[in-house]
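Down below is the structure, laid out as structure tokens.
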Amino acid sequence: MFLMCPWKKCLVTIRRKINSRIGIPRLREAILLVKLHPMKIKISYAHKTVWTGLVTAVLVLITACTSPAPEPVAIVETATPTTAPTATAVPSCDPFEETAVTPPSSVSNYSYQILNSYPHDPNAFTQGLLFGDDVLYESTGRYPSSLRRVDLASGEPQQLINLEDQYFGEGLVLWQDKLIQLTWQNRVAFVYDKESFEQLDTWEYETEGWGITHNGRCLIMSDGSATLTFRDPETFAAVGRITVQDQNGPVQRLNELEYINGEVWANIWQTNRIVRIDPATGQVVGSIDFTGLLDPATLTQPADVLNGIAYDEMNGRLFITGKLWPTLFEIELVPEEGS
Ligand SMILES: [Ca+2]
């Protein structure tokens, strides 16, 4: 449109801009018009263009200089973007040498009190149990074994995958956003995405797999003996071992595990006993007798042994069940007199 602008019309346009007390941006525009003008008019007007351009520029400068100073622009405080929270660094799982363990001189004994009872799948041969991120997870054995996300109130699996026929499921641990499931004699652990149950990895180990938990740094695994093996959670490499002892010496058949307030709790296979272990020394510091927890009158089919400890750390709830048990119990400990 400007290219078709006659000379006089353009000059009028410039003057109008000047007369309207234009500011600096308009000054630049006017100068631009002057600069461009010679290319857009007939050659016979060229000398007029030069002179007019110079005069216009001077006028514009005068106008700009005598124009009131522009109102200062208020600087609006803008909200400082919140720095994205950085992930809390996970302490490393450092290698250590097992120190000479001596049996404890005494062990505190506990019984229990039932706070709540929930349905549990009587066909679930419970081998691993945990409560993490407000979800109950379970690993079952026998064939086919399974990995489950379980609705606490109904006991119904909300999500379930079966293992391939040759694998016998065992302990289960939640490490960050991954579930790690042991197998009994297959000597492999499966790593899953905790949401999708997609299998992400497979780790091999050299012992049987029984129970597994973690202390925030290392995975802690039982293998049916009195030994707990500490493993790097990123590689599954063994970094150290402890031998669990009570007053009578090494405690064999440590099974399902749970890390609770700085202690490792372990089911003792084929008993109604759970021991509380100091993971720094391997010494048993407490022993809980769950005899009578499962009422035989509630059974519709034969049940197996006590196995399965899950701790809801956020709410301080402690859940206990067993293999093929129809009930999952929320319990609290009752110290026995004299212990
Ligand atoms: Ca557990």
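Each chain of the structure tokens is named A, B, ... in the order shown, its residues numbered from 1; ligands are numbered from 1 in display order.
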
| request: Let me have all residues with an atom within 12 Å of ligand 1, counting only C-alpha atoms and all ligand atoms, laid out as an MDAnalysis selection string. | output: chainID A and resid 126:132 136:139 170:174 180:181 210:214 220:222 255:260 264:267 274 307:312 318:322

| Which of region 91-221 of chain A counts as strand (DSSP E) under DSSP, as a ChimeraX atom specification please? | /A:108-119,126-132,135-140,146-150,157-162,169-175,178-183,188-193,199-204,212-214,219-221

| task | Quick one: everything within 12 Å of region 187-189 of chain A, counting only C-alpha atoms, minus sequence neighbours fewer than 2 positions away in the same chain. Send it as a PyMOL selection string. | result | chain A and resi 163+166-173+179-185+191-192+199-212+221+223+233+235-236

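Nearest residue to Gln301 (chain A) among A:Glu330, A:Phe96, A:Thr243, A:Asp121 is A:Asp121, counting only C-alpha atoms.
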
| task | Would you mind listing what lies within 12 Å of Arg276 (chain A) as a ChimeraX atom specification, with only C-alpha atoms counted and same-chain residues fewer than 5 positions away left out? | result | /A:107-110,244-246,251,254,257-268,281-289,309,333

Restricting it to C-alpha atoms, dump the selection as a compact mmCIF listing (two decimals), in the first residue's frame.
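Below is the file that was written, again-v2.txt:
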```txt
# COMPACT_ATOMS: atom_id res chain seq x y z
CA VAL A 107 14.98 -61.09 74.22
CA SER A 108 11.73 -59.23 74.87
CA ASN A 109 8.61 -61.33 74.34
CA TYR A 110 5.30 -60.10 72.98
CA VAL A 244 20.69 -63.67 63.04
CA GLN A 245 20.98 -65.03 66.57
CA ASP A 246 18.81 -65.22 69.63
CA VAL A 251 17.88 -68.54 64.06
CA LEU A 254 14.04 -66.80 58.36
CA LEU A 257 10.54 -60.01 56.07
CA GLU A 258 9.52 -56.47 56.87
CA TYR A 259 11.61 -53.45 57.84
CA ILE A 260 9.86 -51.62 60.69
CA ASN A 261 11.25 -48.61 62.53
CA GLY A 262 14.89 -49.60 62.19
CA GLU A 263 14.36 -53.32 62.80
CA VAL A 264 13.98 -56.29 60.49
CA TRP A 265 11.02 -58.47 61.37
CA ALA A 266 11.04 -62.06 60.14
CA ASN A 267 8.59 -64.91 60.10
CA ILE A 268 10.20 -68.15 61.24
CA THR A 281 24.24 -56.74 64.97
CA GLY A 282 22.00 -59.58 63.79
CA GLN A 283 20.78 -59.98 67.36
CA VAL A 284 17.13 -60.80 67.97
CA VAL A 285 15.74 -58.12 70.26
CA GLY A 286 12.13 -59.28 70.37
CA SER A 287 9.99 -62.35 69.78
CA ILE A 288 6.26 -62.29 69.05
CA ASP A 289 4.08 -65.36 69.55
CA ILE A 309 4.14 -59.07 57.43
CA LEU A 333 1.89 -55.90 70.06
```

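Taking CA of Gly249 (chain A) and CA of Trp269 (chain A) as the two end points, the separation is 16.7 Å.
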
| request: Extract, using only C-alpha atoms, all DNA, RNA and protein residues at most 12 Å from Gly292 (chain A), discarding same-chain residues fewer than 4 positions from it, and format them as number ranges by chain. | output: A: 111-114, 271-273, 296-297, 305-306

| message | Let me make sure I understand: among A:Glu234, A:Asp278, A:Glu313, A:Glu336, which one has the smallest atom-to-atom distance to Pro104 (chain A) if we use only C-alpha atoms? | response | A:Asp278
